[in-house]
file my_file-v1.cif (mmCIF, C-alpha atoms and all ligand atoms)
data_input
#
loop_
_atom_site.label_atom_id
_atom_site.label_comp_id
_atom_site.auth_asym_id
_atom_site.auth_seq_id
_atom_site.Cartn_x
_atom_site.Cartn_y
_atom_site.Cartn_z
CA MET A 131 2.25 24.41 26.98
CA THR A 132 -1.42 24.40 25.99
CA THR A 133 -4.34 24.04 28.37
CA GLY A 134 -6.54 20.96 28.66
CA CYS A 135 -10.14 21.08 27.46
CA GLY A 136 -11.26 23.68 30.03
CA ARG A 137 -10.83 27.41 29.52
CA PHE A 138 -8.19 29.38 31.35
CA ILE A 139 -8.97 33.09 31.79
CA VAL A 140 -6.75 35.58 33.60
CA ILE A 141 -7.87 38.93 35.06
CA ASP A 142 -4.90 41.14 35.89
CA GLY A 143 -4.52 44.82 36.69
CA PRO A 144 -3.53 47.25 39.42
CA SER A 145 -4.51 46.92 43.07
CA GLY A 146 -8.00 48.29 43.67
CA VAL A 147 -9.17 48.10 40.04
CA GLY A 148 -11.65 45.40 41.05
CA LYS A 149 -9.99 42.17 39.92
CA SER A 150 -11.08 39.93 42.76
CA THR A 151 -14.63 41.33 42.70
CA VAL A 152 -14.87 40.76 38.93
CA VAL A 153 -13.34 37.27 39.14
CA ASN A 154 -16.00 36.24 41.65
CA LEU A 155 -18.82 37.79 39.60
CA LEU A 156 -17.55 36.12 36.42
CA GLY A 157 -17.45 32.82 38.25
CA LYS A 158 -21.21 33.13 38.76
CA LEU A 159 -21.97 34.54 35.30
CA LEU A 160 -20.10 31.79 33.44
CA ALA A 161 -21.22 28.85 35.55
CA SER A 162 -24.20 26.68 34.62
CA PRO A 163 -25.57 23.40 36.01
CA ASP A 164 -23.34 21.46 33.61
CA HIS A 165 -20.34 23.79 33.65
CA GLU A 166 -18.26 24.42 36.74
CA VAL A 167 -16.12 27.55 37.09
CA VAL A 168 -13.18 27.78 39.46
CA ALA A 169 -12.37 31.29 40.73
CA THR A 170 -8.82 31.49 42.03
CA ALA A 171 -5.97 33.95 42.61
CA GLU A 172 -2.21 34.38 42.72
CA PRO A 173 -0.34 34.36 45.01
CA SER A 174 -2.27 31.19 45.84
CA THR A 175 -3.47 30.15 49.27
CA GLY A 176 -0.78 27.45 49.38
CA PRO A 177 2.25 27.77 51.69
CA VAL A 178 4.56 29.29 49.05
CA GLY A 179 1.80 31.69 47.99
CA GLU A 180 1.25 32.80 51.57
CA LEU A 181 4.99 33.31 51.95
CA ALA A 182 5.12 35.46 48.80
CA ARG A 183 2.01 37.48 49.73
CA ALA A 184 3.23 38.21 53.24
CA GLY A 185 6.89 38.44 52.30
CA THR A 186 7.25 41.38 49.91
CA HIS A 187 9.25 43.26 52.56
CA ALA A 188 11.52 40.32 53.35
CA TYR A 189 12.12 39.10 49.78
CA HIS A 190 13.31 41.17 46.84
CA GLY A 191 14.37 40.87 43.21
CA LEU A 192 15.08 37.41 41.89
CA ALA A 193 14.34 35.75 45.25
CA LEU A 194 10.76 37.10 45.21
CA ALA A 195 10.48 36.36 41.48
CA CYS A 196 11.40 32.72 42.19
CA LEU A 197 8.91 32.56 45.07
CA VAL A 198 5.96 33.86 43.03
CA THR A 199 6.94 31.64 40.10
CA ALA A 200 7.30 28.57 42.33
CA ASP A 201 3.85 29.37 43.72
CA ARG A 202 2.55 29.67 40.14
CA TYR A 203 3.85 26.22 39.16
CA HIS A 204 2.43 24.69 42.35
CA HIS A 205 -0.90 26.44 41.75
CA LEU A 206 -0.91 25.15 38.15
CA ALA A 207 -0.03 21.60 39.21
CA THR A 208 -2.44 21.30 42.12
CA GLN A 209 -5.44 23.42 41.10
CA ILE A 210 -5.43 24.95 37.63
CA ARG A 211 -4.35 22.02 35.43
CA PRO A 212 -6.55 19.45 37.22
CA ALA A 213 -9.56 21.78 36.83
CA LEU A 214 -8.81 22.39 33.13
CA ALA A 215 -8.32 18.66 32.56
CA ALA A 216 -11.76 18.08 34.10
CA GLY A 217 -13.23 20.55 31.57
CA ARG A 218 -13.80 23.35 34.09
CA THR A 219 -13.25 27.03 33.36
CA VAL A 220 -10.61 28.64 35.56
CA VAL A 221 -10.70 32.39 36.20
CA CYS A 222 -7.54 33.62 37.92
CA ASP A 223 -6.98 36.97 39.69
CA ARG A 224 -3.38 37.96 38.77
CA TYR A 225 -0.88 35.80 36.86
CA LEU A 226 2.23 36.37 34.76
CA PRO A 227 1.36 40.00 33.80
CA THR A 228 1.77 40.95 37.48
CA SER A 229 5.27 39.45 37.47
CA LEU A 230 6.14 41.33 34.29
CA ILE A 231 5.36 44.59 36.10
CA LEU A 232 6.32 44.05 39.73
CA GLN A 233 9.35 41.78 39.35
CA TYR A 234 10.64 44.06 36.57
CA ARG A 235 10.28 47.04 38.93
CA ASP A 236 12.21 44.96 41.43
CA GLY A 237 15.15 44.68 39.01
CA VAL A 238 14.48 41.37 37.25
CA PRO A 239 14.93 41.67 33.46
CA THR A 240 11.78 41.00 31.41
CA GLU A 241 13.46 38.19 29.44
CA LEU A 242 14.39 36.39 32.65
CA ILE A 243 10.79 36.67 33.90
CA TRP A 244 9.61 35.05 30.66
CA GLN A 245 12.27 32.34 31.00
CA LEU A 246 11.26 31.55 34.59
CA ASN A 247 7.66 31.23 33.37
CA ALA A 248 8.46 29.27 30.21
CA ASP A 249 6.49 26.20 31.34
CA ALA A 250 3.48 28.12 32.71
CA ASN A 251 0.19 27.61 30.84
CA LYS A 252 -0.76 30.30 28.37
CA PRO A 253 -4.24 31.55 29.23
CA ASP A 254 -6.93 31.32 26.54
CA LEU A 255 -7.75 34.97 27.29
CA THR A 256 -6.00 37.58 29.42
CA PHE A 257 -7.82 40.72 30.53
CA LEU A 258 -5.81 43.69 31.75
CA LEU A 259 -8.21 45.88 33.71
CA VAL A 260 -7.15 49.49 34.14
CA GLY A 261 -8.84 52.51 35.64
CA ASP A 262 -8.09 55.89 37.11
CA ASP A 263 -4.91 55.41 39.19
CA THR A 264 -6.05 57.72 42.00
CA LEU A 265 -9.40 55.94 42.37
CA CYS A 266 -7.74 52.51 42.34
CA ARG A 267 -5.19 53.60 44.93
CA GLN A 268 -7.98 54.95 47.17
CA ARG A 269 -9.90 51.68 46.97
CA ALA A 270 -6.79 49.61 47.64
CA THR A 271 -5.87 51.78 50.62
CA GLN A 272 -9.40 51.64 52.06
CA ARG A 273 -9.39 47.85 51.79
CA GLY A 274 -6.01 47.68 53.52
CA THR A 275 -2.50 47.33 52.11
CA TYR A 276 0.29 45.07 53.26
CA SER A 277 2.59 44.62 50.27
CA ARG A 278 5.77 46.59 49.51
CA PHE A 279 4.27 47.13 46.05
CA HIS A 280 1.18 48.77 47.58
CA GLU A 281 3.39 51.61 48.86
CA GLU A 282 3.94 53.05 45.38
CA LEU A 283 0.83 52.70 43.27
CA ILE A 284 1.89 55.21 40.62
CA GLY A 285 1.62 54.86 36.85
CA GLU A 286 -0.13 51.51 37.19
CA ALA A 287 -2.53 51.91 34.26
CA ASP A 288 0.32 52.93 31.94
CA ALA A 289 2.45 50.00 33.05
CA TYR A 290 -0.38 47.61 32.12
CA ARG A 291 -0.93 49.41 28.78
CA ARG A 292 2.74 48.95 27.92
CA LEU A 293 2.51 45.20 28.53
CA VAL A 294 0.08 44.50 25.70
CA PRO A 295 2.51 44.22 22.71
CA GLY A 296 4.93 41.96 24.61
CA LEU A 297 2.13 39.69 25.81
CA ARG A 298 0.78 39.41 22.25
CA ASP A 299 4.31 38.69 20.93
CA HIS A 300 4.41 35.75 23.35
CA GLY A 301 1.06 34.44 22.11
CA TYR A 302 -1.05 35.82 24.95
CA ARG A 303 -4.48 36.77 23.59
CA SER A 304 -4.89 39.96 25.59
CA HIS A 305 -7.57 42.61 26.06
CA LEU A 306 -6.85 45.92 27.74
CA HIS A 307 -10.10 47.12 29.30
CA ASN A 308 -10.51 50.55 30.88
CA ILE A 309 -13.26 50.21 33.47
CA GLY A 310 -13.96 53.97 33.51
CA LEU A 311 -16.75 54.58 36.02
CA ALA A 312 -18.49 51.24 35.42
CA SER A 313 -19.61 49.15 38.37
CA ALA A 314 -17.97 45.79 38.99
CA ALA A 315 -21.15 44.08 37.75
CA GLU A 316 -21.03 46.07 34.51
CA VAL A 317 -17.34 45.22 34.02
CA ALA A 318 -18.03 41.53 34.61
CA GLY A 319 -20.90 41.66 32.08
CA VAL A 320 -18.65 43.19 29.40
CA LEU A 321 -15.93 40.59 30.03
CA ARG A 322 -18.48 37.77 29.95
CA ASP A 323 -19.69 38.96 26.51
CA ILE A 324 -16.10 39.03 25.18
CA ILE A 325 -15.40 35.56 26.60
CA VAL A 326 -18.54 34.07 25.06
CA ARG A 327 -17.78 35.75 21.73
CA GLU A 328 -14.09 34.82 21.54
CA LEU A 329 -14.05 31.35 23.06
CA THR A 330 -16.28 28.58 21.78
CA TRP A 331 -18.65 28.31 24.68
N1 LIG B 1 -16.01 48.90 39.39
C1 LIG B 1 -15.96 49.24 40.69
N2 LIG B 1 -16.42 50.42 41.10
C2 LIG B 1 -16.35 50.79 42.39
N3 LIG B 1 -15.82 50.04 43.39
C3 LIG B 1 -15.34 48.83 43.04
C4 LIG B 1 -15.37 48.36 41.69
N4 LIG B 1 -14.79 47.14 41.65
C5 LIG B 1 -14.43 46.86 42.92
N5 LIG B 1 -14.77 47.85 43.75
C6 LIG B 1 -14.49 47.95 45.20
O1 LIG B 1 -13.11 48.35 45.30
C7 LIG B 1 -12.43 47.62 46.32
C8 LIG B 1 -11.26 46.84 45.70
O2 LIG B 1 -11.80 45.84 44.86
P1 LIG B 1 -11.03 44.45 44.63
O3 LIG B 1 -11.91 43.60 43.79
O4 LIG B 1 -10.56 43.89 45.94
O5 LIG B 1 -9.75 44.96 43.79
P2 LIG B 1 -8.40 44.21 43.39
O6 LIG B 1 -8.62 42.73 43.54
O7 LIG B 1 -8.16 44.63 41.98
O8 LIG B 1 -7.36 44.76 44.32
C9 LIG B 1 -13.48 46.74 46.96
O9 LIG B 1 -13.96 47.41 48.10
C10 LIG B 1 -14.57 46.62 45.92
O10 LIG B 1 -15.84 46.41 46.49
C1 LIG B 2 1.02 37.21 41.35
C2 LIG B 2 2.14 38.04 41.91
C3 LIG B 2 2.03 38.67 43.12
N1 LIG B 2 3.06 39.42 43.62
C4 LIG B 2 2.95 40.04 44.95
C5 LIG B 2 2.86 41.51 44.89
C6 LIG B 2 1.43 41.86 45.25
O1 LIG B 2 1.47 43.06 45.96
C7 LIG B 2 1.01 40.72 46.09
C8 LIG B 2 -0.41 40.28 45.88
O2 LIG B 2 -1.20 41.30 46.09
P1 LIG B 2 -2.75 41.15 45.99
O3 LIG B 2 -3.28 40.84 47.33
O4 LIG B 2 -3.18 40.29 44.87
O5 LIG B 2 -2.99 42.65 45.61
P2 LIG B 2 -4.29 43.41 45.33
O6 LIG B 2 -5.47 42.65 45.91
O7 LIG B 2 -4.03 44.69 46.00
O8 LIG B 2 -4.38 43.54 43.84
O9 LIG B 2 1.83 39.61 45.65
C9 LIG B 2 4.21 39.57 42.91
O10 LIG B 2 5.16 40.24 43.34
N2 LIG B 2 4.34 38.95 41.69
C10 LIG B 2 3.35 38.18 41.16
O11 LIG B 2 3.50 37.62 40.04
#

call {"tool": "encode", "arguments": {"input": "my_file-v1.cif", "output": "structure tokens"}}
result
Amino acid sequence: MTTGCGRFIVIDGPSGVGKSTVVNLLGKLLASPDHEVVATAEPSTGPVGELARAGTHAYHGLALACLVTADRYHHLATQIRPALAAGRTVVCDRYLPTSLILQYRDGVPTELIWQLNADANKPDLTFLLVGDDTLCRQRATQRGTYSRFHEELIGEADAYRRLVPGLRDHGYRSHLHNIGLASAAEVAGVLRDIIVRELTW
């Protein structure tokens, strides 16, 4: 399924890499008086999203995969597609790449994850932010962790690196970006430049 006339941009990556900070900064950098930007996240703030976010200890495997995918379709139907149809840019913190890593770790085969998500919009651009795993884990822990997946934040950057070929095979225009020691503002500036260069703005 293609998007409407707005632009759909996904920022994914490990916990603590700075996704939500960068999504909010990008929202400000890309917005102008005649162009609205919607900054959003998955799991969404809807009831199924809240259930998935709070429920990683109660739900496992395919059950959790179905919950996060149901939340994704509801998020698309109620927030993302209407915004795109109105010509707005949507910047989303986490999306299908997260499922390809976490639900796979939870025992769901990659092909089944793609099948469950077959009707989910393809983003115009997907950024996979990676950084030093130890630093990311420290930041995530300082901020507070609640998810079963927060208990083992090991090999996160490599897991995201390995996703790139599969995403591209499925038509996801993807950029792997190592944040190094850059500040969140610097990362957002680099992403903004790529977005403006690659998408007709
Ligand atoms: N590039 C950065 N350098 C240093 N600290 C950062 C950077 N990006 C975010 N942070 C800080 O790290 C913590 C986690 O950031 P957050 O955006 O919540 O990460 P995520 O959404 O990827 O889990 C926050 O306290 C945030 O202020
Ligand atoms: C979007 C998504 C989230 N989740 C779950 C696991 C994550 O730990 C949790 C969302 O965590 P989140 O609060 O976004 O993590 P962080 O801010 O640390 O990056 O939701 C999935 O299992 N699959 C998904 O596709």

call {"tool": "residues_around", "arguments": {"input": "my_file-v1.cif", "residues": "range 303-314 of chain A", "least_positions_apart": "5", "cutoff": "12 Å", "atoms": "all atoms listed in the file", "output": "VMD selection string"}}
result
chain A and resid 138 to 144 146 to 156 227 252 to 263 265 to 266 287 to 298 319 to 321 324 to 325 328 to 329

call {"tool": "residues_near_ligand", "arguments": {"input": "my_file-v1.cif", "ligand": "ligand LIG 2 (chain B)", "cutoff": "9 Å", "atoms": "only C-alpha atoms and all ligand atoms", "output": "MDAnalysis selection string"}}
result
chainID A and resid 142:150 171:174 179 182:186 190 194:195 197:199 201:202 223:233 236 270:271 273:280

call {"tool": "write_last_selection", "arguments": {"input": "my_file-v1.cif", "atoms": "C-alpha atoms", "output": "compact mmCIF listing (two decimals), keeping the file's coordinate frame"}}
result
# COMPACT_ATOMS: atom_id res chain seq x y z
CA ASP A 142 -4.90 41.14 35.89
CA GLY A 143 -4.52 44.82 36.69
CA PRO A 144 -3.53 47.25 39.42
CA SER A 145 -4.51 46.92 43.07
CA GLY A 146 -8.00 48.29 43.67
CA VAL A 147 -9.17 48.10 40.04
CA GLY A 148 -11.65 45.40 41.05
CA LYS A 149 -9.99 42.17 39.92
CA SER A 150 -11.08 39.93 42.76
CA ALA A 171 -5.97 33.95 42.61
CA GLU A 172 -2.21 34.38 42.72
CA PRO A 173 -0.34 34.36 45.01
CA SER A 174 -2.27 31.19 45.84
CA GLY A 179 1.80 31.69 47.99
CA ALA A 182 5.12 35.46 48.80
CA ARG A 183 2.01 37.48 49.73
CA ALA A 184 3.23 38.21 53.24
CA GLY A 185 6.89 38.44 52.30
CA THR A 186 7.25 41.38 49.91
CA HIS A 190 13.31 41.17 46.84
CA LEU A 194 10.76 37.10 45.21
CA ALA A 195 10.48 36.36 41.48
CA LEU A 197 8.91 32.56 45.07
CA VAL A 198 5.96 33.86 43.03
CA THR A 199 6.94 31.64 40.10
CA ASP A 201 3.85 29.37 43.72
CA ARG A 202 2.55 29.67 40.14
CA ASP A 223 -6.98 36.97 39.69
CA ARG A 224 -3.38 37.96 38.77
CA TYR A 225 -0.88 35.80 36.86
CA LEU A 226 2.23 36.37 34.76
CA PRO A 227 1.36 40.00 33.80
CA THR A 228 1.77 40.95 37.48
CA SER A 229 5.27 39.45 37.47
CA LEU A 230 6.14 41.33 34.29
CA ILE A 231 5.36 44.59 36.10
CA LEU A 232 6.32 44.05 39.73
CA GLN A 233 9.35 41.78 39.35
CA ASP A 236 12.21 44.96 41.43
CA ALA A 270 -6.79 49.61 47.64
CA THR A 271 -5.87 51.78 50.62
CA ARG A 273 -9.39 47.85 51.79
CA GLY A 274 -6.01 47.68 53.52
CA THR A 275 -2.50 47.33 52.11
CA TYR A 276 0.29 45.07 53.26
CA SER A 277 2.59 44.62 50.27
CA ARG A 278 5.77 46.59 49.51
CA PHE A 279 4.27 47.13 46.05
CA HIS A 280 1.18 48.77 47.58

call {"tool": "residues_around", "arguments": {"input": "my_file-v1.cif", "residues": "Pro212 in chain A", "least_positions_apart": "5", "cutoff": "12 Å", "atoms": "all atoms listed in the file", "output": "JSON, numbers by chain"}}
result
{"A": [133, 134, 135, 136, 137, 138, 168, 204, 205, 206, 207, 217, 218, 219, 220]}

call {"tool": "atom_distance", "arguments": {"input": "my_file-v1.cif", "atom1": "CA of Cys222 in chain A", "atom2": "CA of Thr170 in chain A"}}
result
4.8 Å

call {"tool": "atom_distance", "arguments": {"input": "my_file-v1.cif", "atom1": "CA of Thr240 in chain A", "atom2": "atom O8 of ligand LIG 1 (chain B)"}}
result
23.4 Å

call {"tool": "atom_distance", "arguments": {"input": "my_file-v1.cif", "atom1": "atom C10 of ligand LIG 1 (chain B)", "atom2": "CA of Arg269 in chain A"}}
result
7.0 Å

call {"tool": "closest_residue", "arguments": {"input": "my_file-v1.cif", "among": "A:Asn251, A:Leu159, A:Thr264, A:Trp331", "to": "Arg211 in chain A", "atoms": "only C-alpha atoms"}}
result
A:Asn251

call {"tool": "closest_residue", "arguments": {"input": "my_file-v1.cif", "among": "A:His165, A:Arg267, A:Lys158, A:His187", "to": "ligand LIG 1 (chain B)", "atoms": "only C-alpha atoms and all ligand atoms"}}
result
A:Arg267

call {"tool": "closest_residue", "arguments": {"input": "my_file-v1.cif", "among": "A:Gly191, A:Tyr203, A:Gln209, A:Glu281", "to": "Leu242 in chain A", "atoms": "only C-alpha atoms"}}
result
A:Gly191

call {"tool": "closest_residue", "arguments": {"input": "my_file-v1.cif", "among": "A:Arg322, A:Gln272, A:Asp299, A:Leu246", "to": "ligand LIG 1 (chain B)", "atoms": "only C-alpha atoms and all ligand atoms"}}
result
A:Gln272

call {"tool": "closest_residue", "arguments": {"input": "my_file-v1.cif", "among": "A:Val326, A:Leu160, A:Arg235, A:His300", "to": "Ile284 in chain A", "atoms": "only C-alpha atoms"}}
result
A:Arg235

call {"tool": "closest_residue", "arguments": {"input": "my_file-v1.cif", "among": "A:Asn247, A:Thr175, A:Gln268, A:Thr208", "to": "ligand LIG 1 (chain B)", "atoms": "all atoms listed in the file"}}
result
A:Gln268

call {"tool": "axis_aligned_box", "arguments": {"input": "my_file-v1.cif", "around": "range 231-247 of chain A", "padding_each_side": "5 Å", "output": "lines of an AutoDock Vina configuration file"}}
result
center_x = 10.3
center_y = 39.1
center_z = 35.4
size_x = 19.8
size_y = 25.8
size_z = 22.0
